[in-house]
Amino acid sequence: MMVIKWAEGEDTTAPAPKIKAAQYVRMSTEHQQFSTDNQVIAIAKFADDNGYEIVKTYADEGKSGLNLGGRAGLQQVLHDVEVGRADYQALLVYDVSRLGRFQDTDEAATYELRLRSAGIKVEYASEQFRNDGSIGSSIIKTVKRAMAGEYSRELSVKVFAGQSNLIRLGFRQGGGAGFGLRRLLVDQSGAPKSELGRGEQKSIATDRIILVPGPPDEVEIVREVYRLFVREGRSEHHIAADFNQRGLVTDLGRPWTRGTVHQLLINEKYIGNNVWAQTSFKLKQRHVRNAPQEWVRSDGAFAAIVDKKLFDKAQAIIAARSERLTAEEMLDRLRSILVGNGMLSGLIIDEADGTPSSSAYRSRFGSLLRAYALVGFAPSHDYRYLETNRKLRQLHPAIVSEVIEGIAAAGGRVTEDATTDLLTINGEFTASIVVVRCFQTAAGSLRWKLRLDAALKPDLTVAIRMDPENIGPHDYYLLPQLDMHDAVLRLAEFNGLSLDAYRFETLETFYAMAARQPWPAAA
């Protein structure tokens, strides 16, 4: 504060100039309609109490905090700051989680570091600490970021479990009904309420949605597709051309294509089955196509509009098309599609005439990525981790057997639960063997993400950290049971004293320790 003497014995206090600041607000879903208003009120009070003047507002409304993609507001903040357009010295945010509930705490720290490096101070209006760079604030921020990421992970698990339960009860979870079907809103007792139009959503949380047959003319067209395909041997391409010549359009008002006819022929909803989770995008990390045994389903949930025997015959015809071709013939056709389109995707493959479906390529080659690699196509996203994970899962049983034999050779006793692979050693304690994939950050540093099995609650976890090529072990960690729900530990190359665990170079060290009776208290 500056004091100016106007007369002897009298002084007047003049207010210090306020620091210009921008505010960033975010709400996760459109349902949190008052969330940003509450954030603005809290930030305004913080600004008034701490000498800030808010000159600009950035907002992301209805945006997930799991990644930067799609969050135009935060991207604009970073852009304005880094190109020198920011006419402010600080960014005010409601709390740590508003910048993002990232699964990697380093990611959240990166965005704050980019702002600080450009001379912009970040302040959190509702936190109980000042973001002053002290050790205390740094520790609290790290914990808060980890808590925010864990909250999102736990919420994802709960939401998935809830949605899975609703699927098994026969209720529809998201997505359009599709040609020949309609979405019917029902109350919690199952009594019909009203039919939902395209884009309409339920307004009461306890209401549910089921699929019902659509207009009779659409239902008849669906049945005609199956008759033409199964009984007359017409291809999807010819059926689509016939429909277009007759002036028929899809449920989206578009012309028919080979792909839209094919999707009609392979979707189980037309025989009344409610199938969900064929693909996953958990925590907005990567799209993954799940194996059929991982799908969530309820057979006979809806009224069927196609006879099941006719549906099964259609699936047999589709499967037989690829069985008649050798692997090399299938790849030759895939190469032709690549040459013609310049890229590959499941949709592009399904639209190509005279070519097996994308599902046929998955079945024959194990995955689309494997088929892509064989014809020399590399997707823009790196999905090699899926193949690595598959190999590590195949490696796990052999490693467990090796551990059992090693402990026995050292004089210990081991029994294995065949269902969970949990080991009971010397009748005293349980141990879980976890193989941890190695990956590299953008900067080239090695990282390992270890997920502890909180459901089994082993007394000890033996984490086998793989080498950078994920071919052999890098080293081993022995961890006690942690009081965390389904904990995820992110390990760096050197973890110092931050990790309460034994590190050893060979499994023989663990064998010798495990064979001791009783188990050493230090472990």
# chains A, B, ... in the order shown; residues from 1 in each chain; ligands from 1
call {"tool": "residues_around", "arguments": {"residues": "Val296 in chain A", "least_positions_apart": "6", "cutoff": "9 Å", "atoms": "only C-alpha atoms", "output": "number ranges by chain"}}
result
A: 164-165, 167-168, 274-278
call {"tool": "select_by_dssp", "arguments": {"residues": "range 199-333 of chain A", "states": "strand (DSSP E or B)", "output": "list in words"}}
result
Arg208, Ile209, Ile210, Leu211, Val212, Pro213, Asn274, Val275, Trp276, Thr279, Ser280, Val288, Arg289, Val296, Arg297 and Ser298 of chain A
call {"tool": "select_by_dssp", "arguments": {"residues": "range 91-273 of chain A", "states": "helix (DSSP H, G or I)", "output": "number ranges by chain"}}
result
A: 96-99, 105-117, 135-168, 216-230, 236-245, 258-266, 268-271
call {"tool": "write_last_selection", "arguments": {"atoms": "C-alpha atoms", "output": "CSV table (one decimal), in the first residue's frame"}}
result
chain,number,residue,atom,x,y,z
A,96,VAL,CA,-7.0,-27.9,-9.1
A,97,SER,CA,-9.5,-30.3,-10.8
A,98,ARG,CA,-10.9,-27.6,-13.1
A,99,LEU,CA,-7.7,-27.6,-15.2
A,105,THR,CA,-0.6,-36.1,-12.9
A,106,ASP,CA,2.4,-34.9,-14.9
A,107,GLU,CA,0.0,-33.8,-17.7
A,108,ALA,CA,-1.9,-31.4,-15.4
A,109,ALA,CA,1.4,-30.0,-14.1
A,110,THR,CA,2.6,-29.5,-17.7
A,111,TYR,CA,-0.1,-27.0,-18.6
A,112,GLU,CA,0.5,-25.0,-15.4
A,113,LEU,CA,4.2,-25.0,-16.2
A,114,ARG,CA,3.6,-23.7,-19.7
A,115,LEU,CA,1.6,-20.8,-18.2
A,116,ARG,CA,4.2,-20.0,-15.5
A,117,SER,CA,7.0,-20.2,-18.1
A,135,ILE,CA,7.1,-27.3,-1.0
A,136,GLY,CA,3.8,-27.5,0.8
A,137,SER,CA,1.7,-26.2,-2.1
A,138,SER,CA,3.6,-28.4,-4.5
A,139,ILE,CA,2.9,-31.5,-2.5
A,140,ILE,CA,-0.8,-30.6,-2.0
A,141,LYS,CA,-1.2,-29.9,-5.7
A,142,THR,CA,0.3,-33.3,-6.6
A,143,VAL,CA,-2.0,-35.1,-4.2
A,144,LYS,CA,-5.0,-33.1,-5.5
A,145,ARG,CA,-4.2,-33.9,-9.1
A,146,ALA,CA,-3.8,-37.6,-8.2
A,147,MET,CA,-7.1,-37.5,-6.3
A,148,ALA,CA,-8.9,-35.8,-9.3
A,149,GLY,CA,-7.6,-38.5,-11.7
A,150,GLU,CA,-8.6,-41.3,-9.3
A,151,TYR,CA,-12.0,-39.8,-8.9
A,152,SER,CA,-12.5,-39.9,-12.6
A,153,ARG,CA,-11.3,-43.5,-12.8
A,154,GLU,CA,-13.6,-44.6,-10.0
A,155,LEU,CA,-16.5,-42.7,-11.5
A,156,SER,CA,-15.8,-44.4,-14.8
A,157,VAL,CA,-15.9,-47.8,-13.2
A,158,LYS,CA,-19.2,-47.0,-11.4
A,159,VAL,CA,-20.8,-45.6,-14.5
A,160,PHE,CA,-19.7,-48.6,-16.6
A,161,ALA,CA,-21.1,-51.0,-13.9
A,162,GLY,CA,-24.4,-49.0,-13.8
A,163,GLN,CA,-24.8,-49.0,-17.6
A,164,SER,CA,-23.9,-52.7,-17.8
A,165,ASN,CA,-26.7,-53.4,-15.3
A,166,LEU,CA,-29.2,-51.4,-17.3
A,167,ILE,CA,-28.2,-53.2,-20.5
A,168,ARG,CA,-28.8,-56.6,-18.8
A,216,PRO,CA,-44.4,-50.9,-40.9
A,217,ASP,CA,-42.8,-49.8,-44.2
A,218,GLU,CA,-39.3,-49.6,-42.6
A,219,VAL,CA,-39.8,-52.9,-40.9
A,220,GLU,CA,-40.7,-54.5,-44.2
A,221,ILE,CA,-37.6,-53.0,-45.9
A,222,VAL,CA,-35.4,-54.5,-43.1
A,223,ARG,CA,-36.9,-57.9,-43.7
A,224,GLU,CA,-36.5,-57.4,-47.5
A,225,VAL,CA,-32.8,-56.9,-47.0
A,226,TYR,CA,-32.5,-60.2,-45.3
A,227,ARG,CA,-34.6,-62.0,-47.9
A,228,LEU,CA,-32.6,-60.6,-50.8
A,229,PHE,CA,-29.3,-61.4,-49.1
A,230,VAL,CA,-30.1,-64.9,-47.8
A,236,GLU,CA,-25.0,-55.6,-50.1
A,237,HIS,CA,-23.8,-53.5,-53.1
A,238,HIS,CA,-26.7,-54.7,-55.3
A,239,ILE,CA,-29.3,-54.3,-52.5
A,240,ALA,CA,-28.1,-50.7,-51.9
A,241,ALA,CA,-28.2,-49.9,-55.7
A,242,ASP,CA,-31.7,-51.3,-55.9
A,243,PHE,CA,-33.0,-49.2,-52.9
A,244,ASN,CA,-31.4,-46.1,-54.3
A,245,GLN,CA,-33.0,-46.6,-57.7
A,258,ARG,CA,-22.9,-51.2,-49.2
A,259,GLY,CA,-21.8,-50.3,-45.6
A,260,THR,CA,-25.3,-49.3,-44.4
A,261,VAL,CA,-26.8,-52.5,-45.8
A,262,HIS,CA,-24.0,-54.5,-44.2
A,263,GLN,CA,-24.6,-52.9,-40.8
A,264,LEU,CA,-28.3,-53.8,-41.1
A,265,LEU,CA,-27.3,-57.5,-41.7
A,266,ILE,CA,-24.9,-57.9,-38.7
A,268,GLU,CA,-28.3,-58.2,-33.3
A,269,LYS,CA,-30.8,-55.5,-32.3
A,270,TYR,CA,-32.9,-56.7,-35.2
A,271,ILE,CA,-33.4,-60.1,-33.5
call {"tool": "closest_atom_pairs", "arguments": {"of": "range 420-445 of chain A", "to": "range 451-464 of chain A", "cutoff": "7 Å", "atoms": "only C-alpha atoms", "output": "CSV"}}
result
residue,atom,partner,partner_atom,distance
A:Phe429,CA,A:Asp459,CA,6.0
A:Thr430,CA,A:Asp459,CA,5.2
A:Ala431,CA,A:Leu460,CA,4.7
A:Ser432,CA,A:Thr461,CA,4.8
A:Ile433,CA,A:Val462,CA,4.9
A:Val434,CA,A:Ala463,CA,4.9
A:Val435,CA,A:Ile464,CA,4.8
A:Val436,CA,A:Ile464,CA,5.8
call {"tool": "atom_distance", "arguments": {"atom1": "CA of Met513 in chain A", "atom2": "CA of Gly472 in chain A"}}
result
22.4 Å
call {"tool": "residues_around", "arguments": {"residues": "range 340-344 of chain A", "least_positions_apart": "4", "cutoff": "9 Å", "atoms": "only C-alpha atoms", "output": "mmCIF file with N, CA and C atoms, in the first residue's frame"}}
result
data_model
loop_
_atom_site.group_PDB
_atom_site.id
_atom_site.type_symbol
_atom_site.label_atom_id
_atom_site.label_comp_id
_atom_site.auth_asym_id
_atom_site.auth_seq_id
_atom_site.Cartn_x
_atom_site.Cartn_y
_atom_site.Cartn_z
ATOM 1 N N LEU A 334 -7.316 -56.161 -49.554
ATOM 2 C CA LEU A 334 -7.100 -55.042 -48.628
ATOM 3 C C LEU A 334 -6.106 -54.048 -49.222
ATOM 4 N N ARG A 335 -5.086 -54.546 -49.920
ATOM 5 C CA ARG A 335 -4.127 -53.646 -50.574
ATOM 6 C C ARG A 335 -4.821 -52.801 -51.645
ATOM 7 N N SER A 336 -5.741 -53.422 -52.365
ATOM 8 C CA SER A 336 -6.482 -52.682 -53.394
ATOM 9 C C SER A 336 -7.292 -51.551 -52.779
ATOM 10 N N ILE A 348 -14.297 -48.011 -44.154
ATOM 11 C CA ILE A 348 -13.861 -48.067 -45.557
ATOM 12 C C ILE A 348 -13.889 -49.504 -46.061
ATOM 13 N N ILE A 349 -13.446 -50.437 -45.228
ATOM 14 C CA ILE A 349 -13.444 -51.849 -45.625
ATOM 15 C C ILE A 349 -14.870 -52.343 -45.842
ATOM 16 N N TYR A 372 -3.597 -54.423 -41.162
ATOM 17 C CA TYR A 372 -3.034 -53.181 -41.695
ATOM 18 C C TYR A 372 -1.512 -53.305 -41.866
ATOM 19 N N PHE A 377 0.172 -50.519 -44.043
ATOM 20 C CA PHE A 377 -0.528 -49.293 -43.634
ATOM 21 C C PHE A 377 -0.327 -49.067 -42.144
ATOM 22 N N ALA A 378 0.072 -47.851 -41.775
ATOM 23 C CA ALA A 378 0.258 -47.473 -40.374
ATOM 24 C C ALA A 378 -0.767 -46.411 -40.006
ATOM 25 N N PRO A 379 -1.721 -46.707 -39.112
ATOM 26 C CA PRO A 379 -2.713 -45.701 -38.707
ATOM 27 C C PRO A 379 -2.033 -44.497 -38.059
#
call {"tool": "decode", "arguments": {"residues": "range 202-230 of chain A", "atoms": "N, CA and C atoms", "output": "compact mmCIF listing (two decimals), in the first residue's frame"}}
result
# COMPACT_ATOMS: atom_id res chain seq x y z
N LYS A 202 -34.25 -38.30 -22.78
CA LYS A 202 -35.15 -38.37 -21.63
C LYS A 202 -34.84 -37.20 -20.70
N SER A 203 -35.86 -36.77 -19.94
CA SER A 203 -35.68 -35.62 -19.05
C SER A 203 -35.76 -36.02 -17.58
N ILE A 204 -36.18 -37.25 -17.28
CA ILE A 204 -36.29 -37.73 -15.91
C ILE A 204 -35.30 -38.87 -15.72
N ALA A 205 -34.48 -38.78 -14.68
CA ALA A 205 -33.39 -39.73 -14.51
C ALA A 205 -33.87 -41.17 -14.38
N THR A 206 -35.04 -41.37 -13.79
CA THR A 206 -35.53 -42.74 -13.56
C THR A 206 -36.20 -43.35 -14.79
N ASP A 207 -36.45 -42.54 -15.82
CA ASP A 207 -37.01 -43.09 -17.06
C ASP A 207 -35.97 -43.93 -17.78
N ARG A 208 -36.44 -44.84 -18.61
CA ARG A 208 -35.55 -45.70 -19.38
C ARG A 208 -35.99 -45.72 -20.83
N ILE A 209 -35.13 -46.28 -21.70
CA ILE A 209 -35.42 -46.32 -23.13
C ILE A 209 -35.29 -47.76 -23.61
N ILE A 210 -36.26 -48.20 -24.39
CA ILE A 210 -36.19 -49.51 -25.04
C ILE A 210 -36.38 -49.32 -26.54
N LEU A 211 -36.05 -50.34 -27.31
CA LEU A 211 -36.26 -50.31 -28.76
C LEU A 211 -37.55 -51.05 -29.11
N VAL A 212 -38.30 -50.47 -30.03
CA VAL A 212 -39.54 -51.08 -30.50
C VAL A 212 -39.54 -51.02 -32.03
N PRO A 213 -40.33 -51.87 -32.68
CA PRO A 213 -40.42 -51.82 -34.15
C PRO A 213 -40.86 -50.44 -34.63
N GLY A 214 -40.27 -50.00 -35.73
CA GLY A 214 -40.61 -48.70 -36.29
C GLY A 214 -41.81 -48.79 -37.21
N PRO A 215 -42.00 -47.83 -38.11
CA PRO A 215 -43.12 -47.85 -39.04
C PRO A 215 -43.12 -49.13 -39.87
N PRO A 216 -44.29 -49.66 -40.20
CA PRO A 216 -44.38 -50.93 -40.94
C PRO A 216 -43.58 -50.93 -42.24
N ASP A 217 -43.53 -49.79 -42.96
CA ASP A 217 -42.79 -49.79 -44.22
C ASP A 217 -41.29 -49.96 -43.99
N GLU A 218 -40.76 -49.38 -42.91
CA GLU A 218 -39.34 -49.56 -42.60
C GLU A 218 -39.06 -50.99 -42.16
N VAL A 219 -39.95 -51.54 -41.34
CA VAL A 219 -39.77 -52.93 -40.88
C VAL A 219 -39.75 -53.87 -42.08
N GLU A 220 -40.61 -53.63 -43.05
CA GLU A 220 -40.67 -54.48 -44.22
C GLU A 220 -39.40 -54.36 -45.05
N ILE A 221 -38.81 -53.16 -45.11
CA ILE A 221 -37.56 -52.99 -45.85
C ILE A 221 -36.43 -53.77 -45.18
N VAL A 222 -36.38 -53.74 -43.86
CA VAL A 222 -35.36 -54.51 -43.14
C VAL A 222 -35.50 -55.99 -43.47
N ARG A 223 -36.71 -56.48 -43.41
CA ARG A 223 -36.94 -57.91 -43.71
C ARG A 223 -36.60 -58.21 -45.18
N GLU A 224 -36.86 -57.25 -46.06
CA GLU A 224 -36.53 -57.44 -47.47
C GLU A 224 -35.03 -57.57 -47.66
N VAL A 225 -34.26 -56.78 -46.92
CA VAL A 225 -32.80 -56.87 -47.00
C VAL A 225 -32.34 -58.30 -46.70
N TYR A 226 -32.88 -58.87 -45.65
CA TYR A 226 -32.48 -60.23 -45.27
C TYR A 226 -32.94 -61.26 -46.31
N ARG A 227 -34.13 -61.09 -46.85
CA ARG A 227 -34.62 -62.03 -47.87
C ARG A 227 -33.76 -61.97 -49.13
N LEU A 228 -33.45 -60.74 -49.57
CA LEU A 228 -32.64 -60.58 -50.77
C LEU A 228 -31.24 -61.15 -50.58
N PHE A 229 -30.70 -60.93 -49.41
CA PHE A 229 -29.33 -61.37 -49.14
C PHE A 229 -29.23 -62.88 -48.96
N VAL A 230 -30.17 -63.45 -48.18
CA VAL A 230 -30.09 -64.88 -47.84
C VAL A 230 -30.71 -65.76 -48.91
